[in-house]
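> Hey, dropping final-v7.csv in here, CSV, C-alpha atoms:
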chain,number,residue,atom,x,y,z
A,19,MET,CA,89.5,226.5,0.4
A,20,TYR,CA,87.7,223.2,1.4
A,21,ASP,CA,85.2,221.3,-0.7
A,22,ALA,CA,83.0,221.1,2.4
A,23,ILE,CA,82.9,222.2,6.0
A,24,VAL,CA,81.0,220.1,8.6
A,25,LEU,CA,79.6,221.9,11.6
A,26,GLY,CA,79.4,219.6,14.6
A,27,GLY,CA,81.8,216.9,15.8
A,28,GLY,CA,79.3,214.4,17.1
A,29,PRO,CA,78.6,211.1,15.4
A,30,ALA,CA,76.7,212.6,12.5
A,31,GLY,CA,79.3,215.2,11.7
A,32,SER,CA,82.3,213.0,12.2
A,33,ALA,CA,80.7,210.2,10.0
A,34,ALA,CA,80.0,212.8,7.3
A,35,ALA,CA,83.6,214.2,7.4
A,36,LEU,CA,85.0,210.7,7.4
A,37,THR,CA,83.0,209.7,4.4
A,38,LEU,CA,83.9,212.8,2.4
A,39,ALA,CA,87.6,212.5,3.3
A,40,ARG,CA,87.6,208.9,2.1
A,41,ALA,CA,86.1,210.0,-1.1
A,42,GLY,CA,89.1,212.2,-1.7
A,43,ARG,CA,87.4,215.5,-0.8
A,44,ARG,CA,89.0,218.4,1.2
A,45,VAL,CA,86.9,218.6,4.3
A,46,ALA,CA,87.0,220.6,7.5
A,47,LEU,CA,85.3,219.4,10.7
A,48,ALA,CA,84.4,222.2,13.2
A,49,ASP,CA,84.0,220.6,16.6
A,50,ARG,CA,82.8,222.6,19.5
A,51,GLY,CA,84.0,219.9,21.8
A,52,ALA,CA,81.2,220.3,24.3
A,53,GLY,CA,79.3,217.1,23.9
A,54,PRO,CA,76.5,216.0,26.2
A,55,ALA,CA,77.0,217.1,29.8
A,56,PHE,CA,76.2,213.5,30.8
A,57,PRO,CA,75.0,211.0,28.2
A,58,ALA,CA,71.7,209.5,29.0
A,59,GLY,CA,72.5,205.8,28.7
A,60,GLU,CA,72.9,205.8,24.9
A,61,SER,CA,73.2,202.7,22.9
A,62,LEU,CA,73.6,201.3,19.4
A,63,PRO,CA,71.3,198.6,18.1
A,64,PRO,CA,72.5,195.5,16.3
A,65,ALA,CA,71.8,197.1,12.9
A,66,ALA,CA,74.8,199.4,13.5
A,67,ARG,CA,77.3,196.6,13.1
A,68,PRO,CA,77.4,196.7,9.2
A,69,LEU,CA,77.5,200.5,9.4
A,70,LEU,CA,80.6,200.4,11.7
A,71,HIS,CA,82.2,198.1,9.2
A,72,LEU,CA,81.4,200.5,6.3
A,73,LEU,CA,82.9,203.4,8.3
A,74,GLY,CA,86.0,201.3,8.8
A,75,VAL,CA,86.0,201.7,12.6
A,76,MET,CA,84.7,198.3,13.8
A,77,ASP,CA,88.0,197.0,15.2
A,78,ARG,CA,88.7,200.2,17.1
A,79,PHE,CA,85.1,200.2,18.4
A,80,LEU,CA,85.3,196.7,19.7
A,81,ALA,CA,88.5,197.6,21.5
A,82,GLY,CA,86.8,200.4,23.3
A,83,PRO,CA,85.0,200.5,26.7
A,84,HIS,CA,81.5,199.9,25.3
A,85,ARG,CA,79.4,197.0,26.8
A,86,PRO,CA,77.2,194.5,25.0
A,87,CYS,CA,73.5,194.9,25.2
A,88,TYR,CA,71.6,191.7,24.5
A,89,GLY,CA,68.0,193.0,24.4
A,90,ASN,CA,65.2,195.1,25.8
A,91,GLN,CA,62.7,194.2,28.5
A,92,PHE,CA,59.3,195.9,28.3
A,93,ALA,CA,56.4,196.3,30.8
A,94,TRP,CA,54.2,198.0,28.2
A,95,GLY,CA,50.5,197.4,27.7
A,96,SER,CA,50.7,195.0,30.6
A,97,ASP,CA,52.4,194.8,34.1
A,98,GLU,CA,54.3,191.7,33.0
A,99,LEU,CA,57.7,191.9,31.4
A,100,GLU,CA,58.2,190.9,27.8
A,101,GLU,CA,61.7,190.6,26.3
A,102,MET,CA,63.1,191.3,22.8
A,103,ASP,CA,66.2,189.2,22.5
A,104,PHE,CA,69.0,190.6,20.2
A,105,LEU,CA,70.6,187.2,20.0
A,106,ARG,CA,67.9,186.4,17.4
A,107,ASP,CA,69.0,189.4,15.3
A,108,PRO,CA,71.3,188.4,12.3
A,109,ASN,CA,73.6,191.2,13.4
A,110,GLY,CA,74.0,189.9,16.9
A,111,HIS,CA,73.9,192.0,20.0
A,112,GLY,CA,73.9,195.8,20.4
A,113,TRP,CA,76.0,198.0,22.7
A,114,ARG,CA,75.7,200.4,25.5
A,115,LEU,CA,78.0,203.3,24.7
A,116,ASP,CA,80.6,205.2,26.5
A,117,ARG,CA,79.5,208.3,24.6
A,118,ARG,CA,82.6,210.4,25.0
A,119,ALA,CA,84.8,207.5,23.9
A,120,PHE,CA,82.5,206.8,21.0
A,121,ASP,CA,82.5,210.4,19.8
A,122,THR,CA,86.3,210.6,20.1
A,123,LEU,CA,86.6,207.4,18.1
A,124,ILE,CA,84.6,208.6,15.1
A,125,ARG,CA,86.1,212.1,15.1
A,126,ASP,CA,89.7,210.6,15.3
A,127,ALA,CA,88.8,208.3,12.4
A,128,ALA,CA,87.7,211.4,10.3
A,129,GLY,CA,91.0,213.1,11.1
A,130,ASP,CA,93.0,209.9,10.2
A,131,ALA,CA,91.2,209.8,6.8
A,132,GLY,CA,92.3,213.3,6.0
A,133,ALA,CA,89.7,215.7,7.4
A,134,VAL,CA,91.1,218.8,9.1
A,135,VAL,CA,89.6,218.9,12.6
A,136,TYR,CA,89.2,222.3,14.3
A,137,HIS,CA,88.9,221.6,18.0
A,138,ARG,CA,86.9,223.8,20.3
A,139,ALA,CA,85.5,225.7,17.3
A,140,SER,CA,83.1,228.5,18.0
A,141,ILE,CA,81.6,230.0,14.8
A,142,SER,CA,80.5,233.6,15.2
A,143,GLU,CA,80.0,234.5,11.5
A,144,VAL,CA,78.7,232.5,8.5
A,145,ALA,CA,77.8,234.2,5.2
A,146,ARG,CA,77.8,233.6,1.5
A,147,VAL,CA,80.6,235.4,-0.2
A,148,GLY,CA,81.8,235.5,-3.8
A,149,ALA,CA,80.6,233.0,-6.3
A,150,GLY,CA,78.9,230.2,-4.4
A,151,ARG,CA,81.3,230.2,-1.4
A,152,TRP,CA,80.6,230.2,2.3
A,153,ARG,CA,82.8,232.1,4.8
A,154,LEU,CA,83.0,230.9,8.4
A,155,ALA,CA,84.8,232.9,11.0
A,156,GLY,CA,85.3,232.5,14.7
A,157,THR,CA,87.8,230.9,17.1
A,158,CYS,CA,89.2,227.4,17.7
A,159,ALA,CA,91.8,225.8,20.0
A,160,ALA,CA,94.6,227.1,17.7
A,161,GLY,CA,93.3,230.7,17.7
A,162,THR,CA,91.4,232.7,15.1
A,163,LEU,CA,89.4,230.7,12.6
A,164,GLU,CA,88.5,231.8,9.0
A,165,ILE,CA,87.6,229.1,6.5
A,166,PHE,CA,85.8,228.9,3.1
A,167,ALA,CA,83.9,226.2,1.2
A,168,PRO,CA,81.1,225.9,-1.3
A,169,TRP,CA,79.2,223.4,0.9
A,170,LEU,CA,78.3,223.3,4.6
A,171,LEU,CA,76.8,220.3,6.5
A,172,ASP,CA,74.7,221.1,9.5
A,173,CYS,CA,75.4,218.4,12.1
A,174,THR,CA,74.8,220.7,15.1
A,175,GLY,CA,72.2,218.5,16.9
A,176,ARG,CA,68.7,219.6,17.9
A,177,ALA,CA,69.8,223.3,17.6
A,178,SER,CA,69.9,223.0,13.8
A,179,TRP,CA,72.2,226.0,14.0
A,180,LEU,CA,73.0,226.5,10.3
A,181,ALA,CA,69.6,225.6,8.9
A,182,ARG,CA,67.8,227.9,11.2
A,183,ARG,CA,70.1,230.8,10.2
A,184,GLN,CA,68.9,230.1,6.6
A,185,GLY,CA,65.3,230.6,7.7
A,186,VAL,CA,64.4,226.9,7.7
A,187,LYS,CA,61.8,226.0,10.2
A,188,ARG,CA,62.1,223.1,12.6
A,189,LEU,CA,58.8,221.2,13.0
A,190,ARG,CA,58.0,219.9,16.5
A,191,TYR,CA,55.7,216.9,16.9
A,192,ASP,CA,55.2,216.6,20.7
A,193,ARG,CA,56.5,218.0,24.0
A,194,LEU,CA,58.4,215.0,25.4
A,195,VAL,CA,61.0,215.7,28.0
A,196,GLY,CA,63.4,213.3,29.7
A,197,HIS,CA,64.2,213.7,33.4
A,198,VAL,CA,67.4,211.8,33.8
A,199,ALA,CA,69.3,210.7,37.0
A,200,LEU,CA,72.6,208.9,37.7
A,201,PHE,CA,72.6,206.1,40.2
A,202,ARG,CA,75.7,204.7,41.8
A,203,HIS,CA,76.3,201.4,43.6
A,204,ALA,CA,75.9,201.7,47.3
A,205,GLY,CA,78.9,199.4,48.1
A,206,GLU,CA,81.9,197.8,46.4
A,207,ASP,CA,80.3,194.4,46.4
A,208,ALA,CA,77.1,195.7,44.6
A,209,ALA,CA,77.3,195.5,40.9
A,210,ASP,CA,75.2,194.8,37.8
A,211,GLY,CA,77.8,193.7,35.4
A,212,GLY,CA,75.5,190.8,34.4
A,213,ASP,CA,72.7,193.2,33.5
A,214,THR,CA,72.9,193.3,29.7
A,215,VAL,CA,69.4,194.5,28.9
A,216,THR,CA,67.6,197.8,28.8
A,217,LEU,CA,64.4,197.9,31.0
A,218,ILE,CA,61.4,200.0,29.9
A,219,GLU,CA,58.3,200.4,32.0
A,220,ALA,CA,55.2,202.4,31.2
A,221,ALA,CA,53.6,204.6,33.9
A,222,PRO,CA,50.3,206.5,34.3
A,223,ASP,CA,51.8,209.8,33.0
A,224,GLY,CA,54.8,208.7,31.0
A,225,TRP,CA,57.4,205.9,30.9
A,226,TRP,CA,60.7,204.9,32.4
A,227,TYR,CA,63.9,203.3,31.3
A,228,THR,CA,67.1,202.2,33.0
A,229,SER,CA,70.4,200.7,31.8
A,230,ALA,CA,73.8,200.0,33.3
A,231,LEU,CA,76.6,202.3,32.2
A,232,PRO,CA,79.9,201.0,30.8
A,233,GLY,CA,81.8,202.9,33.4
A,234,GLY,CA,79.7,201.7,36.3
A,235,GLY,CA,76.4,202.9,37.8
A,236,ARG,CA,73.1,203.2,36.0
A,237,ILE,CA,71.1,205.8,34.2
A,238,VAL,CA,67.4,206.0,35.1
A,239,ALA,CA,65.1,208.3,33.0
A,240,TYR,CA,61.5,209.3,33.3
A,241,LEU,CA,59.8,210.6,30.1
A,242,THR,CA,56.8,212.8,30.2
A,243,ASP,CA,55.4,215.9,28.5
A,244,ALA,CA,56.6,219.4,29.4
A,245,GLY,CA,54.1,220.9,31.8
A,246,GLU,CA,52.9,217.6,33.2
A,247,PRO,CA,52.7,217.7,37.1
A,248,THR,CA,54.8,214.6,37.4
A,249,GLY,CA,57.5,216.3,35.3
A,250,ARG,CA,57.7,219.1,37.8
A,251,THR,CA,57.9,216.5,40.6
A,252,ALA,CA,60.7,214.6,38.8
A,253,ALA,CA,62.8,217.7,38.6
A,254,GLY,CA,63.9,217.4,42.2
A,255,ALA,CA,65.7,214.5,43.8
A,256,ALA,CA,63.0,213.7,46.4
A,257,GLY,CA,60.2,213.9,43.8
A,258,PHE,CA,62.1,211.7,41.4
A,259,ALA,CA,62.7,209.1,44.1
A,260,ALA,CA,59.0,209.2,45.0
A,261,LEU,CA,57.8,208.6,41.5
A,262,LEU,CA,60.4,205.9,41.1
A,263,GLY,CA,59.0,204.2,44.2
A,264,GLN,CA,55.7,203.9,42.4
A,265,THR,CA,57.2,201.7,39.6
A,266,ARG,CA,57.4,197.9,39.9
A,267,HIS,CA,60.2,196.7,37.6
A,268,ILE,CA,62.5,199.7,37.6
A,269,ARG,CA,62.4,199.9,41.4
A,270,ALA,CA,63.1,196.2,41.7
A,271,ARG,CA,66.0,196.4,39.3
A,272,LEU,CA,67.6,199.3,41.2
A,273,SER,CA,67.1,197.5,44.5
A,274,GLY,CA,68.6,194.3,43.2
A,275,CYS,CA,71.8,196.0,42.2
A,276,GLY,CA,72.1,198.1,45.3
A,277,CYS,CA,72.0,201.5,43.4
A,278,ARG,CA,71.3,204.9,45.0
A,279,LEU,CA,70.6,208.3,43.5
A,280,ALA,CA,74.0,210.0,43.1
A,281,ALA,CA,73.0,213.5,41.9
A,282,ARG,CA,70.0,215.8,41.2
A,283,PRO,CA,68.1,214.8,38.1
A,284,TRP,CA,68.5,216.9,34.9
A,285,ALA,CA,66.1,217.5,32.1
A,286,THR,CA,66.8,216.9,28.4
A,287,ALA,CA,64.8,217.4,25.2
A,288,ALA,CA,63.3,214.2,23.9
A,289,HIS,CA,60.6,215.4,21.5
A,290,THR,CA,60.2,214.3,17.9
A,291,ALA,CA,61.2,217.0,15.4
A,292,ARG,CA,62.4,217.6,11.9
A,293,LEU,CA,63.6,220.3,9.6
A,294,GLU,CA,61.0,221.3,7.0
A,295,ARG,CA,63.7,220.6,4.4
A,296,TRP,CA,67.0,218.9,4.6
A,297,ALA,CA,69.1,220.6,1.9
A,298,GLY,CA,69.3,224.0,0.3
A,299,GLU,CA,71.7,226.2,-1.7
A,300,GLY,CA,75.1,225.1,-0.6
A,301,TRP,CA,74.1,223.2,2.5
A,302,LEU,CA,72.5,220.0,3.8
A,303,ALA,CA,71.7,218.6,7.3
A,304,ALA,CA,72.2,215.3,9.0
A,305,GLY,CA,71.8,213.7,12.4
A,306,ASP,CA,69.6,215.4,15.1
A,307,ALA,CA,69.9,218.6,13.1
A,308,ALA,CA,67.8,217.0,10.4
A,309,LEU,CA,65.6,214.6,12.4
A,310,SER,CA,65.2,214.1,16.2
A,311,PHE,CA,63.7,210.9,17.5
A,312,ASP,CA,61.8,209.8,20.6
A,313,PRO,CA,64.2,207.8,22.8
A,314,LEU,CA,61.6,205.0,22.7
A,315,SER,CA,63.0,204.2,19.2
A,316,SER,CA,66.5,203.6,20.5
A,317,GLN,CA,67.6,205.0,17.1
A,318,GLY,CA,69.2,208.3,17.9
A,319,ILE,CA,73.0,207.5,17.7
A,320,PHE,CA,72.4,204.9,14.9
A,321,HIS,CA,70.5,207.6,12.9
A,322,ALA,CA,73.2,210.1,13.5
A,323,LEU,CA,75.9,207.7,12.1
A,324,ALA,CA,73.7,206.5,9.2
A,325,SER,CA,72.5,210.0,8.1
A,326,GLY,CA,76.0,211.4,8.4
A,327,TRP,CA,77.4,208.6,6.2
A,328,GLU,CA,74.5,209.1,3.7
A,329,ALA,CA,75.0,212.9,3.7
A,330,GLY,CA,78.7,212.5,3.1
A,331,ARG,CA,78.1,210.0,0.2
A,332,ALA,CA,75.5,212.2,-1.3
A,333,LEU,CA,77.6,215.3,-1.3
A,334,ALA,CA,80.7,213.4,-2.6
A,335,ALA,CA,78.5,212.1,-5.5
A,336,HIS,CA,77.1,215.6,-6.1
A,337,LEU,CA,80.6,217.1,-6.3
A,338,SER,CA,81.5,214.3,-8.8
A,339,GLY,CA,78.6,215.4,-11.1
A,340,ASN,CA,75.6,213.3,-9.9
A,341,GLU,CA,72.8,215.9,-10.1
A,342,ASP,CA,70.3,213.6,-8.4
A,343,ALA,CA,72.4,212.7,-5.4
A,344,LEU,CA,71.0,215.4,-3.0
A,345,ARG,CA,67.4,214.8,-4.1
A,346,GLU,CA,68.0,211.1,-3.4
A,347,TYR,CA,69.3,212.0,0.0
A,348,GLU,CA,66.2,214.0,0.8
A,349,ARG,CA,64.0,211.2,-0.4
A,350,SER,CA,65.9,208.8,1.9
A,351,MET,CA,65.4,211.2,4.9
A,352,ARG,CA,61.6,211.4,4.1
A,353,SER,CA,61.4,207.6,4.0
A,354,VAL,CA,63.3,207.2,7.2
A,355,PHE,CA,61.1,209.7,9.0
A,356,ALA,CA,57.9,208.2,7.7
A,357,ALA,CA,58.9,204.8,8.9
A,358,TYR,CA,59.9,206.1,12.3
A,359,LEU,CA,56.5,207.9,12.7
A,360,GLY,CA,54.6,204.8,11.9
A,361,HIS,CA,56.6,202.6,14.2
A,362,CYS,CA,56.5,205.1,17.1
A,363,ALA,CA,52.8,205.6,16.8
A,364,ALA,CA,52.0,201.9,16.7
A,365,PHE,CA,54.1,201.3,19.8
A,366,TYR,CA,52.5,204.0,21.8
A,367,ARG,CA,49.0,202.7,20.8
A,368,GLN,CA,49.8,199.4,22.5
A,369,GLU,CA,49.6,201.0,26.0
A,370,ARG,CA,45.9,201.3,27.0
A,371,ARG,CA,45.9,200.9,30.7
A,372,TRP,CA,45.3,204.6,31.6
A,373,PRO,CA,42.5,205.9,29.4
A,374,ASP,CA,42.1,209.0,31.6
A,375,SER,CA,45.7,210.0,31.5
A,376,VAL,CA,46.4,213.2,29.5
A,377,PHE,CA,49.8,211.9,28.5
A,378,TRP,CA,48.4,208.7,27.0
A,379,SER,CA,45.3,210.1,25.5
A,380,GLN,CA,47.4,212.7,23.7
A,381,ARG,CA,49.7,209.9,22.5
A,382,HIS,CA,46.8,207.9,21.2
A,383,ASN,CA,45.1,210.9,19.4
A,384,ASP,CA,48.4,212.6,18.3
A,385,ARG,CA,49.9,209.3,17.2
A,386,GLN,CA,47.0,208.6,15.0
A,387,PHE,CA,47.7,212.0,13.5
A,388,MET,CA,51.3,211.0,13.2
A,389,LEU,CA,50.4,207.8,11.4
A,390,GLU,CA,48.4,209.9,8.9
A,391,ARG,CA,51.3,212.3,8.7
A,392,ALA,CA,53.7,209.4,8.0
A,393,LYS,CA,51.6,208.4,5.0
A,394,THR,CA,51.7,212.0,3.7
A,395,VAL,CA,55.5,212.1,4.2
A,396,LYS,CA,56.0,208.8,2.5
A,397,ASP,CA,53.7,209.7,-0.4
A,398,SER,CA,55.8,212.8,-1.0
A,399,ALA,CA,59.1,210.9,-1.1
Would you mind writing the file out in structure tokens?


Amino acid sequence: MYDAIVLGGGPAGSAAALTLARAGRRVALADRGAGPAFPAGESLPPAARPLLHLLGVMDRFLAGPHRPCYGNQFAWGSDELEEMDFLRDPNGHGWRLDRRAFDTLIRDAAGDAGAVVYHRASISEVARVGAGRWRLAGTCAAGTLEIFAPWLLDCTGRASWLARRQGVKRLRYDRLVGHVALFRHAGEDAADGGDTVTLIEAAPDGWWYTSALPGGGRIVAYLTDAGEPTGRTAAGAAGFAALLGQTRHIRARLSGCGCRLAARPWATAAHTARLERWAGEGWLAAGDAALSFDPLSSQGIFHALASGWEAGRALAAHLSGNEDALREYERSMRSVFAAYLGHCAAFYRQERRWPDSVFWSQRHNDRQFMLERAKTVKDSA
């Protein structure tokens, strides 16, 4: 029997399993192995550098295919570009991730630390059995799977698979959807290897971002609310290209590097959400399963790593007799979410050029609500 079973082999789950294993705990990591169909230009901010050191993976990370990111450029609240330069950050630059390589790195580190990794795990049964034990059954790459532990960690992403099966509600704060497209260079001589910033541009009914990918090409994404007419337009290649043609800076960046649309855009959930609670009898949640952030925050992967590490530390401390460890973990999650709501609301309020836009008027009204909600969340921490 294990001390804990982690469900989900992404950054949060692997960081949690790695942390528990290094604390001397018997831990299993159930990894579905699916991962994102095509990662949407994901990145790590400079603040991730100390965390990568804490996880003991910094050297292997630096040897990987990830590319430096030296800042962000914004056309937000104005048509002119402003730049946030990471070189002024005490932690240095951030990185654009090769997401598959990154997930493999953290998962392999967990295995090297002693976690038992079940690859291609598909869990069909989960139930409490006996005195405070969970039974998980299903299949994995090696065949039939049946494992037991007193604690489960839900790191299953936005699905919050385990928590929802325990009747825990997932609270949704908006309807943001990302329409994402892959662009490739039109010729061998066209390249944007010198483009080391992420470009963000507000639009009448949403906002855009683009960044170069470590393996070549670019990701371009249009963010708007589900049900918005421009969202339906962006779902097709021709419509996406037409909307892109109405931008100023994104269009110029793509033209300058000789990029062309390589495949039909796809849609991905981008709304803010959280579980109504982050721990219960014999379980706790981390990563997107616990909190899901707006891509504008650029905190998704960092939060996954940080919360996985915190969840692993909290559970290890609890198993060693610290009765306050899990309550402290929940307080930390409330504090993180309150800070996120406040920062996100303040940033959206800076864009005032389209007062008649449904997207922006909802952001201004709803974000004021979110600011008030942030105070409530913080007060309850």

> Between CA of Arg202 in chain A and CA of Ala256 in chain A, what distance in Å does the model show, to one decimal?

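CA of Arg202 in chain A sits 16.2 Å away from CA of Ala256 in chain A.
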
> Show which residues sit within 6 Å of Gly89 in chain A, as a PDB file with C-alpha atoms, in the coordinates of the input. Count only C-alpha atoms, and ignore same-chain residues fewer than 6 positions away.


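For reference, selection.pdb as written:
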ATOM      1  CA  MET A 102      63.100 191.300  22.800  1.00  0.00           C
ATOM      2  CA  ASP A 103      66.200 189.200  22.500  1.00  0.00           C
ATOM      3  CA  PHE A 104      69.000 190.600  20.200  1.00  0.00           C
ATOM      4  CA  VAL A 215      69.400 194.500  28.900  1.00  0.00           C
TER       5      VAL A 215
END

> Would you list the contacts of Leu163 in chain A as a PyMOL selection string, taking every protein, DNA or RNA residue within 10 Å and counting all atoms listed in the file, but skipping same-chain residues closer than 5 positions in sequence?

chain A and resi 48+136+139-142+154-158

> Next, the residues of the selection above should be written as a short mmCIF file (atom, residue, chain, number, x, y, z; two decimals), in the frame of the given file with C-alpha atoms.


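Below is the file that was written, result.cif:
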data_model
loop_
_atom_site.label_atom_id
_atom_site.label_comp_id
_atom_site.auth_asym_id
_atom_site.auth_seq_id
_atom_site.Cartn_x
_atom_site.Cartn_y
_atom_site.Cartn_z
CA ALA A 48 84.40 222.20 13.20
CA TYR A 136 89.20 222.30 14.30
CA ALA A 139 85.50 225.70 17.30
CA SER A 140 83.10 228.50 18.00
CA ILE A 141 81.60 230.00 14.80
CA SER A 142 80.50 233.60 15.20
CA LEU A 154 83.00 230.90 8.40
CA ALA A 155 84.80 232.90 11.00
CA GLY A 156 85.30 232.50 14.70
CA THR A 157 87.80 230.90 17.10
CA CYS A 158 89.20 227.40 17.70
#

> Rounded to one decimal, what separation in Å do you get between CA of Ile23 in chain A and CA of Val45 in chain A?

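CA of Val45 in chain A lies at a distance of 5.6 Å from CA of Ile23 in chain A.
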
> Counting only C-alpha atoms, figure out which residue out of A:Arg292, A:His361, A:Arg266, A:Arg282 gets nearest to Asp192 in chain A.

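When distances to Asp192 in chain A are compared using only C-alpha atoms, the smallest one comes from A:Arg292.
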
> Around the point (87.6, 212.4, 17.4) (coordinates from the file), which residues reach within 12 Å if we count all atoms listed in the file? Answer as a ChimeraX atom specification.

/A:26-33,35-36,47-51,53,75,117-131,133-138

> Using all atoms listed in the file, what table do you get, as a tab-separated table, when you list each residue of range 49-141 of chain A with an atom no more than 10 Å from range 225-247 of chain A, its nearest pair of atoms, and their distance in Å rounded to one decimal, rows by chain then rising number?


residue	atom	partner	partner_atom	distance
A:Phe56	CA	A:Ile237	CA	9.8
A:Pro57	CA	A:Ile237	CA	8.8
A:Ala58	CA	A:Ile237	CA	6.4
A:Gly59	CA	A:Ile237	CA	5.7
A:Glu60	CA	A:Leu231	CA	8.9
A:Ser61	CA	A:Ser229	CA	9.5
A:Pro83	CA	A:Pro232	CA	6.6
A:His84	CA	A:Pro232	CA	5.8
A:Arg85	CA	A:Pro232	CA	5.7
A:Pro86	CA	A:Pro232	CA	9.1
A:Cys87	CA	A:Ser229	CA	9.3
A:Asn90	CA	A:Ser229	CA	9.7
A:Gln91	CA	A:Tyr227	CA	9.6
A:Phe92	CA	A:Tyr227	CA	9.2
A:Ala93	CA	A:Trp225	CA	9.7
A:Trp94	CA	A:Trp225	CA	8.9
A:Trp113	CA	A:Pro232	CA	9.5
A:Arg114	CA	A:Pro232	CA	6.8
A:Leu115	CA	A:Pro232	CA	6.8
A:Asp116	CA	A:Pro232	CA	6.1
A:Arg117	CA	A:Pro232	CA	9.6

> Within 12 Å of Leu344 in chain A, counting all atoms listed in the file, which residues show up once you throw out same-chain ones fewer than 3 positions away? Write them as an NGL selection string, please.

:A and (295-303 or 328-337 or 339-341 or 347-351)

> How would the residues just chosen look if you wrote them out with C-alpha atoms as an mmCIF file, keeping the file's coordinate frame?


data_model
loop_
_atom_site.group_PDB
_atom_site.id
_atom_site.type_symbol
_atom_site.label_atom_id
_atom_site.label_comp_id
_atom_site.auth_asym_id
_atom_site.auth_seq_id
_atom_site.Cartn_x
_atom_site.Cartn_y
_atom_site.Cartn_z
ATOM 1 C CA ARG A 295 63.700 220.600 4.400
ATOM 2 C CA TRP A 296 67.000 218.900 4.600
ATOM 3 C CA ALA A 297 69.100 220.600 1.900
ATOM 4 C CA GLY A 298 69.300 224.000 0.300
ATOM 5 C CA GLU A 299 71.700 226.200 -1.700
ATOM 6 C CA GLY A 300 75.100 225.100 -0.600
ATOM 7 C CA TRP A 301 74.100 223.200 2.500
ATOM 8 C CA LEU A 302 72.500 220.000 3.800
ATOM 9 C CA ALA A 303 71.700 218.600 7.300
ATOM 10 C CA GLU A 328 74.500 209.100 3.700
ATOM 11 C CA ALA A 329 75.000 212.900 3.700
ATOM 12 C CA GLY A 330 78.700 212.500 3.100
ATOM 13 C CA ARG A 331 78.100 210.000 0.200
ATOM 14 C CA ALA A 332 75.500 212.200 -1.300
ATOM 15 C CA LEU A 333 77.600 215.300 -1.300
ATOM 16 C CA ALA A 334 80.700 213.400 -2.600
ATOM 17 C CA ALA A 335 78.500 212.100 -5.500
ATOM 18 C CA HIS A 336 77.100 215.600 -6.100
ATOM 19 C CA LEU A 337 80.600 217.100 -6.300
ATOM 20 C CA GLY A 339 78.600 215.400 -11.100
ATOM 21 C CA ASN A 340 75.600 213.300 -9.900
ATOM 22 C CA GLU A 341 72.800 215.900 -10.100
ATOM 23 C CA TYR A 347 69.300 212.000 0.000
ATOM 24 C CA GLU A 348 66.200 214.000 0.800
ATOM 25 C CA ARG A 349 64.000 211.200 -0.400
ATOM 26 C CA SER A 350 65.900 208.800 1.900
ATOM 27 C CA MET A 351 65.400 211.200 4.900
#

> By how many Å are CA of Ala221 in chain A and CA of Thr265 in chain A apart?

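Computed distance, CA of Ala221 in chain A to CA of Thr265 in chain A, equals 7.3 Å.
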
> With distances taken over all atoms listed in the file, which residue among A:Asp107, A:Ala46, A:Phe201, A:Thr216 lies nearest Ile165 in chain A?

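So, comparing all the options, the nearest one is A:Ala46.
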
> Give me, as an mmCIF file with C-alpha atoms, in the frame of the given file, all polymer residues having an atom no more than 12 Å from Trp152 in chain A, counting only C-alpha atoms and skipping those fewer than 4 positions away in the same chain.


data_model
loop_
_atom_site.group_PDB
_atom_site.id
_atom_site.type_symbol
_atom_site.label_atom_id
_atom_site.label_comp_id
_atom_site.auth_asym_id
_atom_site.auth_seq_id
_atom_site.Cartn_x
_atom_site.Cartn_y
_atom_site.Cartn_z
ATOM 1 C CA MET A 19 89.500 226.500 0.400
ATOM 2 C CA TYR A 20 87.700 223.200 1.400
ATOM 3 C CA ASP A 21 85.200 221.300 -0.700
ATOM 4 C CA ALA A 22 83.000 221.100 2.400
ATOM 5 C CA ILE A 23 82.900 222.200 6.000
ATOM 6 C CA VAL A 24 81.000 220.100 8.600
ATOM 7 C CA GLU A 143 80.000 234.500 11.500
ATOM 8 C CA VAL A 144 78.700 232.500 8.500
ATOM 9 C CA ALA A 145 77.800 234.200 5.200
ATOM 10 C CA ARG A 146 77.800 233.600 1.500
ATOM 11 C CA VAL A 147 80.600 235.400 -0.200
ATOM 12 C CA GLY A 148 81.800 235.500 -3.800
ATOM 13 C CA GLU A 164 88.500 231.800 9.000
ATOM 14 C CA ILE A 165 87.600 229.100 6.500
ATOM 15 C CA PHE A 166 85.800 228.900 3.100
ATOM 16 C CA ALA A 167 83.900 226.200 1.200
ATOM 17 C CA PRO A 168 81.100 225.900 -1.300
ATOM 18 C CA TRP A 169 79.200 223.400 0.900
ATOM 19 C CA LEU A 170 78.300 223.300 4.600
ATOM 20 C CA LEU A 171 76.800 220.300 6.500
ATOM 21 C CA LEU A 180 73.000 226.500 10.300
ATOM 22 C CA GLU A 299 71.700 226.200 -1.700
ATOM 23 C CA GLY A 300 75.100 225.100 -0.600
ATOM 24 C CA TRP A 301 74.100 223.200 2.500
#

> Excluding Phe320 in chain A and its own-chain neighbours fewer than 5 positions away, which residues fall within 9 Å of it when counting all atoms listed in the file? Please give them as a list in words.

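The neighbour list is Pro29, Ser61, Leu62, Pro63, Ala65, Ala66, Leu69 and Ser325 of chain A.
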